[in-house]
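Asker: Following this message is one structure expressed as structure tokens.
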Amino acid sequence: MSDGIRVRFAPSPTGHLHVGGARTALYNWLYARKTGGAFILRIEDTDAARSSEESVRGILEGLRWLGLDWDEGPDVGGPHAPYFQSERRELYQAEAARLVAEGGAYPCFCAPEAVEAIREAERAAGRDPNYDGRCGRIPPGEAARRVAAGEPHVIRFRSPDEGETLLFDVIRGKMAFRNELLEDFVLVKGDGLPTYNFAVVVDDDAMGITHVIRGDDHISNSPRHVLLYQALGYKLPKFAHLPMILGADKTRLSKRHGATSVQEFEKQGILPAGMMNYLALLGWSLDGKTELFTPRKLVEAFSLKRVGSNPSVFDPDKLAWLSGEHFTRLSDDEKAAGIHAFLTGQGLALPPLDAIRPRLAALVGLMGKRIKSWPEAAERLGHFFRERPDYDPEAVAEHLGGEAAGRLADLAGRLAGVAPWEAGAIEAALRERAEAMGIEAAALIHPLRVAVTGRSVSPDIFSVCELLGSDLTRARLTGRGWEG
RNA sequence: GGCCCCUUCGUCUAGCCUGGCCUAGGACGUCGGAUUCUCGAUCCGGUAACAGGGGUUCGAAUCCCCUAGGGGCUACCA
């Protein structure tokens with residue numbers, strides 16, 4: 001079933017798993033699962049100063065939470081281990097040495113300050129501020145001697161001065177870059193670690209990557225990569241550059257725009273399936289009409305051909321809506337289990353799940369589409385397991401002033417005789433009392449709702465009372481807990 | 001500055017490749033109405049876009065050119 005397709009997600013562990021990275025990971029994963037190929041995870045930690053283990057852990061957790069799994073990579077291993085670039089330096093050095101021997105690269109002894117001076121001079125001369133390649137003219141023998149003598153140096157790629165490099169992108173088609181604009185860029189840094197541009201190419205080839213699916217902020221780097229593939233004698237993979245995800249002001253998405261890491265959305269109560277669905281729609285569409293996709297359906301429907309090329313703005317509202325749609329489709333039983341876990345996590349001492357599962361399921365069924373996330377469910381349902389709800393001051397002010405207290409006490413008395421304790425009987429009793437008091441039923445129903453649930457919004461209030469039980473219901477009518 | 005990418009409702013997008021079926025479709029948001037036990041629930045309805053300008057053509061959102069705007073790269077960051 002596999003066409004030998006191999007894709008990868010290669011994050012650098014310098015922070016949390018960002019929605020942009022998550023989207024890139026998702027598209028790679030979807031493509032692999034769709035085609036029966038392999039999804040590889042590789043950690044690009046060649047920036048020793050900015051990389052951290054916490055970031056690695058966070059990224060792995062974020063990916064797992066989203067529902068992505070990898071065939072090769074950290075934790076699971078694989079035939080191309082290790083999957084951390086910091087542990088693969090021998091490979092890069094060997095390839096760099098090979099390139100130098102073949103003349104495709106050369107050691108450069110210019111100190112950073114010297115390079116900067118050269119750039120200034122070029123700029124002053126009205127040319128592009130590129131390194132002038134002077135070390136590339138040092139005779140190989142002399143260069144080798146200086147390297148052997150331990151002279152500090154970097155390895156630079158001998159970039160062609162003419163012609164152009166073509167890039168065929170799956171999403172954008174053909175792009176051309178003039179070679180003269182490229183300088184002799186660094187392959188291996190002074191500390192012996194490879195630069196990003198060198199390591200990706202070496203690793204992608206070593207790991208047999210057939211499709212490079214990444215953010216379009218890498219388009220400008222692509223000609224370097226293509227040139228390296230050619231110089232190293234590697235087989236060129238296919239490229240697909242995904243458009244960027246922007247904030248509401250259309251600038252690059254950042255912390256300024258609110259939550260941007262998947263962990264934050266997890267905390268907000270967004271469902272993984274909702275997050276995945278939303279991310280998939282950010283840049284891809286099946287037909288412009290279908291929006292709801294389970295992970296399984298996404299794998300089935302996904303294709304790189306239908307990925308757009310224009311950047312998109314991240315919309316938390318739509319994400320919340322989609323997550324809610326997925327939440328709504330959970331069975332009452334699943335919701336019951338989830339809510340039990342969430343409430344327990346909040347520190348509420350609940351009976352074991354098995355003991356109250358049916359009741360929780362009934363409650364959740366009653367709430368219907370009024371709850372669309374775990375936090376929302378906890379807020380609306382928590383009071384069923386407490387002595388009394390947290391009263392919403394506004395609702396109390398509106399419905400529990402004046403004669404309400406007296407009427408509710410009266411109602412409580414009448415309710416004491418209701419048996420069996422069922423919604424229909426409770427409603428009949430209330431309507432009877434209302435008539436006896438000479439008031440509209442609504443004038444009793446609203447205060448009842450607020451006194452029992454603490455809010456002015458709820459499902460059918462008689463059913464709520466039924467599920468809450470006679471004792472608790474009547475206690476809340478007479479306890480006057482809303483007065484503080 | 002140079003190079004590259006992008007440009008359909010406020011937002012995500014369909015349509016663009018293979019011009020006419022587009023008086024531009026769907027969704028989120030938003031606004032309005034209904035539902036007499038409320039609602040952030042439900043139902044119904046409205047709102048709003050082809051960046052601008054030139055061409056090509058009988059006909060252009062769709063093809064070509066220019067302008068403008070946005071983004072990216074231009075590091076011994078990734």
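To be explicit about the labels: the chains of the structure tokens are called A, B, and onward in the order shown, and within each one the residues are counted from 1, while ligands get numbers from 1 in the order they are shown.
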Please tabulate, as JSON lines, the residues of chain B that come within 12 Å of chain A, each with its closest pair of atoms and the distance in Å to one decimal, counting only C-alpha atoms (C1' of nucleotides) and ordering rows by chain, then residue number upward.
Answerer:
```
{"residue": "B:G1", "atom": "C1'", "partner": "A:Asp128", "partner_atom": "CA", "distance": 8.8}
{"residue": "B:G2", "atom": "C1'", "partner": "A:Asp128", "partner_atom": "CA", "distance": 7.0}
{"residue": "B:C3", "atom": "C1'", "partner": "A:Leu181", "partner_atom": "CA", "distance": 7.5}
{"residue": "B:C4", "atom": "C1'", "partner": "A:Ser220", "partner_atom": "CA", "distance": 6.1}
{"residue": "B:C5", "atom": "C1'", "partner": "A:Ile219", "partner_atom": "CA", "distance": 7.7}
{"residue": "B:C6", "atom": "C1'", "partner": "A:Asn310", "partner_atom": "CA", "distance": 5.3}
{"residue": "B:U7", "atom": "C1'", "partner": "A:Asn310", "partner_atom": "CA", "distance": 7.9}
{"residue": "B:U8", "atom": "C1'", "partner": "A:Asn310", "partner_atom": "CA", "distance": 11.6}
{"residue": "B:G10", "atom": "C1'", "partner": "A:Ala248", "partner_atom": "CA", "distance": 10.0}
{"residue": "B:U11", "atom": "C1'", "partner": "A:Asp315", "partner_atom": "CA", "distance": 6.5}
{"residue": "B:C12", "atom": "C1'", "partner": "A:Leu282", "partner_atom": "CA", "distance": 6.7}
{"residue": "B:U13", "atom": "C1'", "partner": "A:Gly288", "partner_atom": "CA", "distance": 5.7}
{"residue": "B:A14", "atom": "C1'", "partner": "A:Gly288", "partner_atom": "CA", "distance": 4.3}
{"residue": "B:G15", "atom": "C1'", "partner": "A:Gly288", "partner_atom": "CA", "distance": 9.4}
{"residue": "B:C16", "atom": "C1'", "partner": "A:Gly308", "partner_atom": "CA", "distance": 12.0}
{"residue": "B:C17", "atom": "C1'", "partner": "A:Gly173", "partner_atom": "CA", "distance": 11.0}
{"residue": "B:G25", "atom": "C1'", "partner": "A:Gly288", "partner_atom": "CA", "distance": 8.5}
{"residue": "B:G26", "atom": "C1'", "partner": "A:Lys289", "partner_atom": "CA", "distance": 4.7}
{"residue": "B:A27", "atom": "C1'", "partner": "A:Lys289", "partner_atom": "CA", "distance": 7.2}
{"residue": "B:C28", "atom": "C1'", "partner": "A:Lys318", "partner_atom": "CA", "distance": 5.0}
{"residue": "B:G29", "atom": "C1'", "partner": "A:Asp317", "partner_atom": "CA", "distance": 7.5}
{"residue": "B:U36", "atom": "C1'", "partner": "A:Ala442", "partner_atom": "CA", "distance": 8.5}
{"residue": "B:C37", "atom": "C1'", "partner": "A:Ile445", "partner_atom": "CA", "distance": 5.8}
{"residue": "B:U38", "atom": "C1'", "partner": "A:Val457", "partner_atom": "CA", "distance": 5.2}
{"residue": "B:C39", "atom": "C1'", "partner": "A:Val457", "partner_atom": "CA", "distance": 4.9}
{"residue": "B:G40", "atom": "C1'", "partner": "A:Arg370", "partner_atom": "CA", "distance": 7.8}
{"residue": "B:A41", "atom": "C1'", "partner": "A:Arg370", "partner_atom": "CA", "distance": 5.5}
{"residue": "B:U42", "atom": "C1'", "partner": "A:Lys369", "partner_atom": "CA", "distance": 9.5}
{"residue": "B:G69", "atom": "C1'", "partner": "A:Lys250", "partner_atom": "CA", "distance": 11.8}
{"residue": "B:G70", "atom": "C1'", "partner": "A:Lys250", "partner_atom": "CA", "distance": 7.6}
{"residue": "B:G71", "atom": "C1'", "partner": "A:Thr251", "partner_atom": "CA", "distance": 7.5}
{"residue": "B:G72", "atom": "C1'", "partner": "A:Asp217", "partner_atom": "CA", "distance": 5.1}
{"residue": "B:C73", "atom": "C1'", "partner": "A:Ser220", "partner_atom": "CA", "distance": 4.9}
{"residue": "B:U74", "atom": "C1'", "partner": "A:Ser220", "partner_atom": "CA", "distance": 8.7}
{"residue": "B:A75", "atom": "C1'", "partner": "A:Val186", "partner_atom": "CA", "distance": 9.2}
{"residue": "B:C76", "atom": "C1'", "partner": "A:Lys189", "partner_atom": "CA", "distance": 4.5}
{"residue": "B:C77", "atom": "C1'", "partner": "A:Asp47", "partner_atom": "CA", "distance": 7.1}
{"residue": "B:A78", "atom": "C1'", "partner": "A:Tyr196", "partner_atom": "CA", "distance": 6.0}
```
Asker: Would you mind listing what lies within 9 Å of stretch 47-50 of chain B as an NGL selection string, with only C-alpha atoms (C1' of nucleotides) counted and same-chain residues fewer than 3 positions away left out?
Answerer: :B and (8-10 or 24 or 30-31 or 61)
Asker: Kindly give the distance, in Å, that separates atom CA of A:Cys135 and atom CA of A:Phe109, rounded to a single decimal.
Answerer: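 Here the two named atoms are 6.9 Å from each other.
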Asker: Excluding B:G19 and any residue of its chain fewer than 4 positions from it, enumerate the residues within 8 Å of it, using only C-alpha atoms (C1' of nucleotides), and give them as a ChimeraX atom specification.
Answerer: /B:60,62-63
Asker: As a PyMOL selection string, please: every residue in stretch 1-215 of chain A that DSSP puts in strand (DSSP E).
Answerer: chain A and resi 6-9+38-41+105-108+154-157+164-169+173-178+186-188+211-215
Asker: Can those selected residues be exported to a file as a compact mmCIF listing (two decimals), in the first residue's frame so that it contains N, CA, C and O atoms?
Answerer:
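For reference, result_38.txt as written:
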```txt
# COMPACT_ATOMS: atom_id res chain seq x y z
N ARG A 6 7.68 9.03 2.49
CA ARG A 6 8.18 9.31 3.84
C ARG A 6 8.19 10.81 4.05
O ARG A 6 8.78 11.55 3.27
N VAL A 7 7.51 11.26 5.07
CA VAL A 7 7.47 12.69 5.37
C VAL A 7 7.93 12.88 6.82
O VAL A 7 8.04 11.92 7.56
N ARG A 8 8.20 14.13 7.15
CA ARG A 8 8.67 14.35 8.53
C ARG A 8 8.22 15.70 9.06
O ARG A 8 7.90 16.63 8.30
N PHE A 9 8.22 15.79 10.37
CA PHE A 9 8.00 17.07 11.03
C PHE A 9 9.29 17.27 11.81
O PHE A 9 9.73 16.36 12.52
N ALA A 38 5.23 6.83 5.74
CA ALA A 38 5.74 6.91 7.12
C ALA A 38 5.88 8.36 7.56
O ALA A 38 6.23 9.24 6.77
N PHE A 39 5.56 8.58 8.82
CA PHE A 39 5.67 9.92 9.40
C PHE A 39 6.81 9.89 10.40
O PHE A 39 6.79 9.11 11.36
N ILE A 40 7.81 10.71 10.14
CA ILE A 40 8.99 10.73 10.99
C ILE A 40 9.07 12.03 11.78
O ILE A 40 8.76 13.10 11.27
N LEU A 41 9.47 11.90 13.02
CA LEU A 41 9.65 13.09 13.85
C LEU A 41 11.14 13.25 14.13
O LEU A 41 11.80 12.30 14.56
N ALA A 105 32.72 22.70 -1.27
CA ALA A 105 32.70 23.55 -0.08
C ALA A 105 34.14 23.79 0.34
O ALA A 105 35.05 23.12 -0.16
N TYR A 106 34.33 24.74 1.22
CA TYR A 106 35.70 25.05 1.63
C TYR A 106 35.71 25.63 3.03
O TYR A 106 34.72 26.22 3.47
N PRO A 107 36.83 25.45 3.73
CA PRO A 107 36.93 26.03 5.05
C PRO A 107 37.12 27.54 4.92
O PRO A 107 37.77 28.00 3.99
N CYS A 108 36.49 28.27 5.83
CA CYS A 108 36.61 29.72 5.78
C CYS A 108 37.15 30.16 7.13
O CYS A 108 36.59 29.83 8.17
N VAL A 154 34.94 27.89 9.69
CA VAL A 154 33.62 27.34 9.41
C VAL A 154 33.74 26.69 8.04
O VAL A 154 34.76 26.87 7.37
N ILE A 155 32.73 25.93 7.65
CA ILE A 155 32.75 25.37 6.30
C ILE A 155 31.68 26.10 5.50
O ILE A 155 30.52 26.19 5.93
N ARG A 156 32.08 26.62 4.36
CA ARG A 156 31.12 27.33 3.51
C ARG A 156 30.84 26.56 2.22
O ARG A 156 31.72 25.88 1.69
N PHE A 157 29.63 26.70 1.74
CA PHE A 157 29.23 26.06 0.49
C PHE A 157 29.71 26.92 -0.67
O PHE A 157 29.61 28.15 -0.62
N GLU A 164 20.39 29.67 -12.81
CA GLU A 164 19.34 29.79 -11.83
C GLU A 164 18.91 28.42 -11.32
O GLU A 164 19.11 27.40 -11.97
N THR A 165 18.36 28.44 -10.13
CA THR A 165 17.93 27.20 -9.51
C THR A 165 16.41 27.15 -9.54
O THR A 165 15.74 28.11 -9.15
N LEU A 166 15.90 26.05 -10.04
CA LEU A 166 14.44 25.91 -10.15
C LEU A 166 13.89 25.08 -9.00
O LEU A 166 14.52 24.14 -8.53
N LEU A 167 12.71 25.46 -8.60
CA LEU A 167 12.05 24.73 -7.53
C LEU A 167 10.62 24.44 -7.99
O LEU A 167 9.89 25.33 -8.39
N PHE A 168 10.27 23.15 -7.95
CA PHE A 168 8.90 22.79 -8.33
C PHE A 168 8.14 22.46 -7.07
O PHE A 168 8.38 21.45 -6.42
N ASP A 169 7.25 23.33 -6.71
CA ASP A 169 6.50 23.16 -5.47
C ASP A 169 5.14 22.55 -5.77
O ASP A 169 4.45 22.97 -6.71
N GLY A 173 3.72 25.42 -7.74
CA GLY A 173 4.26 25.27 -9.09
C GLY A 173 5.72 25.68 -9.15
O GLY A 173 6.42 25.63 -8.16
N LYS A 174 6.12 26.17 -10.31
CA LYS A 174 7.54 26.43 -10.54
C LYS A 174 7.99 27.80 -10.04
O LYS A 174 7.31 28.79 -10.24
N MET A 175 9.15 27.80 -9.40
CA MET A 175 9.73 29.07 -8.95
C MET A 175 11.20 29.07 -9.36
O MET A 175 11.85 28.03 -9.37
N ALA A 176 11.70 30.25 -9.74
CA ALA A 176 13.10 30.33 -10.17
C ALA A 176 13.87 31.33 -9.32
O ALA A 176 13.34 32.38 -8.94
N PHE A 177 15.11 30.98 -9.01
CA PHE A 177 15.95 31.86 -8.20
C PHE A 177 17.30 32.03 -8.89
O PHE A 177 17.92 31.05 -9.28
N ARG A 178 17.73 33.25 -8.99
CA ARG A 178 19.03 33.49 -9.64
C ARG A 178 20.16 33.16 -8.66
O ARG A 178 20.20 33.65 -7.54
N VAL A 186 27.16 29.33 5.17
CA VAL A 186 27.85 28.44 6.11
C VAL A 186 27.13 27.09 6.23
O VAL A 186 25.91 27.03 6.34
N LEU A 187 27.91 26.02 6.21
CA LEU A 187 27.38 24.67 6.35
C LEU A 187 27.64 24.15 7.77
O LEU A 187 26.78 23.54 8.40
N VAL A 188 28.87 24.38 8.21
CA VAL A 188 29.25 23.94 9.55
C VAL A 188 29.78 25.15 10.32
O VAL A 188 30.63 25.88 9.82
N HIS A 211 8.93 13.68 0.60
CA HIS A 211 8.15 14.90 0.46
C HIS A 211 8.46 15.83 1.63
O HIS A 211 8.25 15.45 2.78
N VAL A 212 8.94 17.00 1.29
CA VAL A 212 9.23 17.98 2.33
C VAL A 212 8.05 18.94 2.41
O VAL A 212 7.83 19.75 1.51
N ILE A 213 7.27 18.78 3.47
CA ILE A 213 6.09 19.64 3.66
C ILE A 213 6.39 20.54 4.83
O ILE A 213 6.55 20.08 5.96
N ARG A 214 6.50 21.82 4.59
CA ARG A 214 6.90 22.75 5.64
C ARG A 214 6.30 24.13 5.40
O ARG A 214 5.65 24.37 4.39
N GLY A 215 6.54 25.05 6.31
CA GLY A 215 5.99 26.39 6.20
C GLY A 215 6.63 27.17 5.05
O GLY A 215 7.77 26.90 4.68
```
